[in-house]
Amino acid sequence: MALRVSQLKPNPAGKDRGRFGPLSAAQLGAEWVDIKNVGTAPVGLGGIELYHLAYGRPGTQPEWQKVTSFTGSLRVGEVLRVHSGQTRDLSVLHREDLVGADYHGFSGRDAYVWNNAEGDTAGLWEPQSKTWVDKGSYDPHPPEGVVLVRSGSKLVPAGAALRV
Ligand SMILES: [Ca+2]
């Protein structure tokens, strides 16, 4: 299948502000992952699920945790961006978090999804065939405010991708 985890912003800038009050919808929504149709035909998203690695107690292995599932379809080259947070009007998001995607969805929970300290893997799972459609991983401590781009099986800062 031609779906690919193409970009991910795991550590939005200015997150610390949440410590002094409720997390704003814009702050949560500034953490996001892009799923792109990199193939040559439209791809249905129904039945596809998005997962990430959840870390429990120190020393234990991380476990796959479902983030959300999808409906609809992507035409060739189209991008669906999944923002962290409950489903809200897109007007609450920063403009920089809206550009570059054709469709926007939400994780459905008011909590950050993507790990900072441990790194993480975004996985697209197809339950029917019990296969991973795609997986992209990033290293611990991604830079604040940086959009990671795909380079092989990794998601890396754009400058690092150019050096590969
Ligand atoms: Ca994060």
# chains A, B, ... in the order shown; residues from 1 in each chain; ligands from 1

call {"tool": "residues_around", "arguments": {"residues": "Val149 in chain A", "least_positions_apart": "3", "cutoff": "6 Å", "atoms": "only C-alpha atoms", "output": "PyMOL selection string"}}
result
chain A and resi 7+155-156+158

call {"tool": "write_last_selection", "arguments": {"atoms": "N, CA and C atoms", "output": "PDB file, in the first residue's frame"}}
result
ATOM      1  N   GLN A   7       5.916  13.048   7.484  1.00  0.00           N
ATOM      2  CA  GLN A   7       6.483  14.100   8.339  1.00  0.00           C
ATOM      3  C   GLN A   7       5.901  13.950   9.739  1.00  0.00           C
ATOM      4  N   LEU A 155      12.640   9.289  10.700  1.00  0.00           N
ATOM      5  CA  LEU A 155      12.145  10.658  10.587  1.00  0.00           C
ATOM      6  C   LEU A 155      13.210  11.539  11.225  1.00  0.00           C
ATOM      7  N   VAL A 156      13.751  12.471  10.458  1.00  0.00           N
ATOM      8  CA  VAL A 156      14.916  13.233  10.895  1.00  0.00           C
ATOM      9  C   VAL A 156      14.709  14.719  10.600  1.00  0.00           C
ATOM     10  N   ALA A 158      15.125  18.192   8.844  1.00  0.00           N
ATOM     11  CA  ALA A 158      15.296  18.342   7.408  1.00  0.00           C
ATOM     12  C   ALA A 158      16.772  18.456   6.997  1.00  0.00           C
TER      13      ALA A 158
END

call {"tool": "residues_near_ligand", "arguments": {"ligand": "ligand 1", "cutoff": "12 Å", "atoms": "only C-alpha atoms and all ligand atoms", "output": "number ranges by chain"}}
result
A: 8-16, 27-33, 52, 54, 83-84, 111-121, 138, 140-147

call {"tool": "closest_residue", "arguments": {"among": "A:Ala26, A:Leu53, A:Ser73, A:Val43", "to": "Ser137 in chain A", "atoms": "only C-alpha atoms"}}
result
A:Leu53

call {"tool": "atom_distance", "arguments": {"atom1": "CA of Val82 in chain A", "atom2": "CA of Phe106 in chain A"}}
result
5.1 Å

call {"tool": "select_by_dssp", "arguments": {"residues": "range 16-111 of chain A", "states": "helix (DSSP H, G or I)", "output": "PDB file with N, CA, C and O atoms, in the first residue's frame"}}
result
ATOM      1  N   ASP A  16       6.190  24.436  27.122  1.00  0.00           N
ATOM      2  CA  ASP A  16       6.279  24.662  28.561  1.00  0.00           C
ATOM      3  C   ASP A  16       5.193  25.585  29.083  1.00  0.00           C
ATOM      4  O   ASP A  16       4.876  25.567  30.259  1.00  0.00           O
ATOM      5  N   ARG A  17       4.626  26.386  28.221  1.00  0.00           N
ATOM      6  CA  ARG A  17       3.558  27.289  28.660  1.00  0.00           C
ATOM      7  C   ARG A  17       2.412  26.527  29.312  1.00  0.00           C
ATOM      8  O   ARG A  17       1.721  27.061  30.145  1.00  0.00           O
ATOM      9  N   GLY A  18       2.250  25.262  28.898  1.00  0.00           N
ATOM     10  CA  GLY A  18       1.170  24.452  29.453  1.00  0.00           C
ATOM     11  C   GLY A  18       1.310  24.229  30.939  1.00  0.00           C
ATOM     12  O   GLY A  18       0.342  23.912  31.615  1.00  0.00           O
ATOM     13  N   ARG A  19       2.511  24.393  31.463  1.00  0.00           N
ATOM     14  CA  ARG A  19       2.717  24.183  32.895  1.00  0.00           C
ATOM     15  C   ARG A  19       2.030  25.251  33.731  1.00  0.00           C
ATOM     16  O   ARG A  19       1.817  25.090  34.912  1.00  0.00           O
ATOM     17  N   PHE A  20       1.741  26.366  33.130  1.00  0.00           N
ATOM     18  CA  PHE A  20       1.188  27.487  33.886  1.00  0.00           C
ATOM     19  C   PHE A  20      -0.305  27.662  33.619  1.00  0.00           C
ATOM     20  O   PHE A  20      -0.883  28.660  33.985  1.00  0.00           O
ATOM     21  N   ALA A  25      -5.509  24.463  22.793  1.00  0.00           N
ATOM     22  CA  ALA A  25      -5.770  23.608  21.638  1.00  0.00           C
ATOM     23  C   ALA A  25      -4.708  23.824  20.561  1.00  0.00           C
ATOM     24  O   ALA A  25      -4.316  22.886  19.872  1.00  0.00           O
ATOM     25  N   ALA A  26      -4.236  25.065  20.436  1.00  0.00           N
ATOM     26  CA  ALA A  26      -3.212  25.360  19.433  1.00  0.00           C
ATOM     27  C   ALA A  26      -1.899  24.657  19.773  1.00  0.00           C
ATOM     28  O   ALA A  26      -1.198  24.153  18.897  1.00  0.00           O
ATOM     29  N   GLN A  27      -1.559  24.634  21.072  1.00  0.00           N
ATOM     30  CA  GLN A  27      -0.319  23.970  21.496  1.00  0.00           C
ATOM     31  C   GLN A  27      -0.383  22.472  21.231  1.00  0.00           C
ATOM     32  O   GLN A  27       0.560  21.877  20.718  1.00  0.00           O
ATOM     33  N   LEU A  28      -1.492  21.847  21.617  1.00  0.00           N
ATOM     34  CA  LEU A  28      -1.659  20.419  21.369  1.00  0.00           C
ATOM     35  C   LEU A  28      -1.633  20.120  19.875  1.00  0.00           C
ATOM     36  O   LEU A  28      -0.967  19.185  19.417  1.00  0.00           O
ATOM     37  N   GLY A  29      -2.360  20.929  19.123  1.00  0.00           N
ATOM     38  CA  GLY A  29      -2.491  20.688  17.690  1.00  0.00           C
ATOM     39  C   GLY A  29      -1.221  20.959  16.921  1.00  0.00           C
ATOM     40  O   GLY A  29      -1.104  20.572  15.754  1.00  0.00           O
ATOM     41  N   LEU A  90     -10.673  23.999  12.837  1.00  0.00           N
ATOM     42  CA  LEU A  90      -9.275  24.207  12.452  1.00  0.00           C
ATOM     43  C   LEU A  90      -8.809  25.629  12.748  1.00  0.00           C
ATOM     44  O   LEU A  90      -7.603  25.896  12.789  1.00  0.00           O
ATOM     45  N   SER A  91      -9.733  26.545  12.980  1.00  0.00           N
ATOM     46  CA  SER A  91      -9.348  27.936  13.252  1.00  0.00           C
ATOM     47  C   SER A  91      -8.570  28.066  14.555  1.00  0.00           C
ATOM     48  O   SER A  91      -7.921  29.080  14.789  1.00  0.00           O
ATOM     49  N   VAL A  92      -8.625  27.033  15.437  1.00  0.00           N
ATOM     50  CA  VAL A  92      -7.872  27.116  16.695  1.00  0.00           C
ATOM     51  C   VAL A  92      -6.381  26.849  16.473  1.00  0.00           C
ATOM     52  O   VAL A  92      -5.569  27.121  17.365  1.00  0.00           O
ATOM     53  N   ARG A  95      -1.378  28.877  11.960  1.00  0.00           N
ATOM     54  CA  ARG A  95      -1.357  28.775  10.511  1.00  0.00           C
ATOM     55  C   ARG A  95      -0.240  27.834  10.036  1.00  0.00           C
ATOM     56  O   ARG A  95      -0.412  27.054   9.104  1.00  0.00           O
ATOM     57  N   GLU A  96       0.917  27.893  10.712  1.00  0.00           N
ATOM     58  CA  GLU A  96       2.049  27.058  10.277  1.00  0.00           C
ATOM     59  C   GLU A  96       1.730  25.567  10.399  1.00  0.00           C
ATOM     60  O   GLU A  96       2.397  24.743   9.774  1.00  0.00           O
ATOM     61  N   ASP A  97       0.754  25.238  11.246  1.00  0.00           N
ATOM     62  CA  ASP A  97       0.384  23.835  11.417  1.00  0.00           C
ATOM     63  C   ASP A  97      -0.713  23.408  10.448  1.00  0.00           C
ATOM     64  O   ASP A  97      -1.113  22.239  10.433  1.00  0.00           O
TER      65      ASP A  97
END

call {"tool": "atom_distance", "arguments": {"atom1": "CA of Val5 in chain A", "atom2": "CA of Gly59 in chain A"}}
result
27.9 Å

call {"tool": "atom_distance", "arguments": {"atom1": "CA of Thr68 in chain A", "atom2": "CA of Arg4 in chain A"}}
result
15.8 Å

call {"tool": "residues_around", "arguments": {"residues": "Ala122 in chain A", "least_positions_apart": "4", "cutoff": "6 Å", "atoms": "only C-alpha atoms", "output": "ChimeraX atom specification"}}
result
/A:51-52,135-136

call {"tool": "write_last_selection", "arguments": {"atoms": "N, CA and C atoms", "output": "tab-separated table (two decimals), in the first residue's frame"}}
result
chain	number	residue	atom	x	y	z
A	51	TYR	N	-0.65	3.97	15.11
A	51	TYR	CA	-0.11	3.56	16.41
A	51	TYR	C	1.16	4.33	16.75
A	52	HIS	N	1.48	4.36	18.06
A	52	HIS	CA	2.80	4.84	18.48
A	52	HIS	C	3.28	3.97	19.62
A	135	LYS	N	6.04	2.23	8.73
A	135	LYS	CA	6.53	2.66	10.04
A	135	LYS	C	7.65	3.67	9.84
A	136	GLY	N	7.64	4.73	10.63
A	136	GLY	CA	8.72	5.71	10.63
A	136	GLY	C	9.11	6.05	12.05

call {"tool": "select_by_dssp", "arguments": {"residues": "chain A", "states": "strand (DSSP E or B)", "output": "ChimeraX atom specification"}}
result
/A:3-9,32-37,43-44,49-54,63-69,73-74,79-83,103-106,120-126,131-138,148-151,154-157
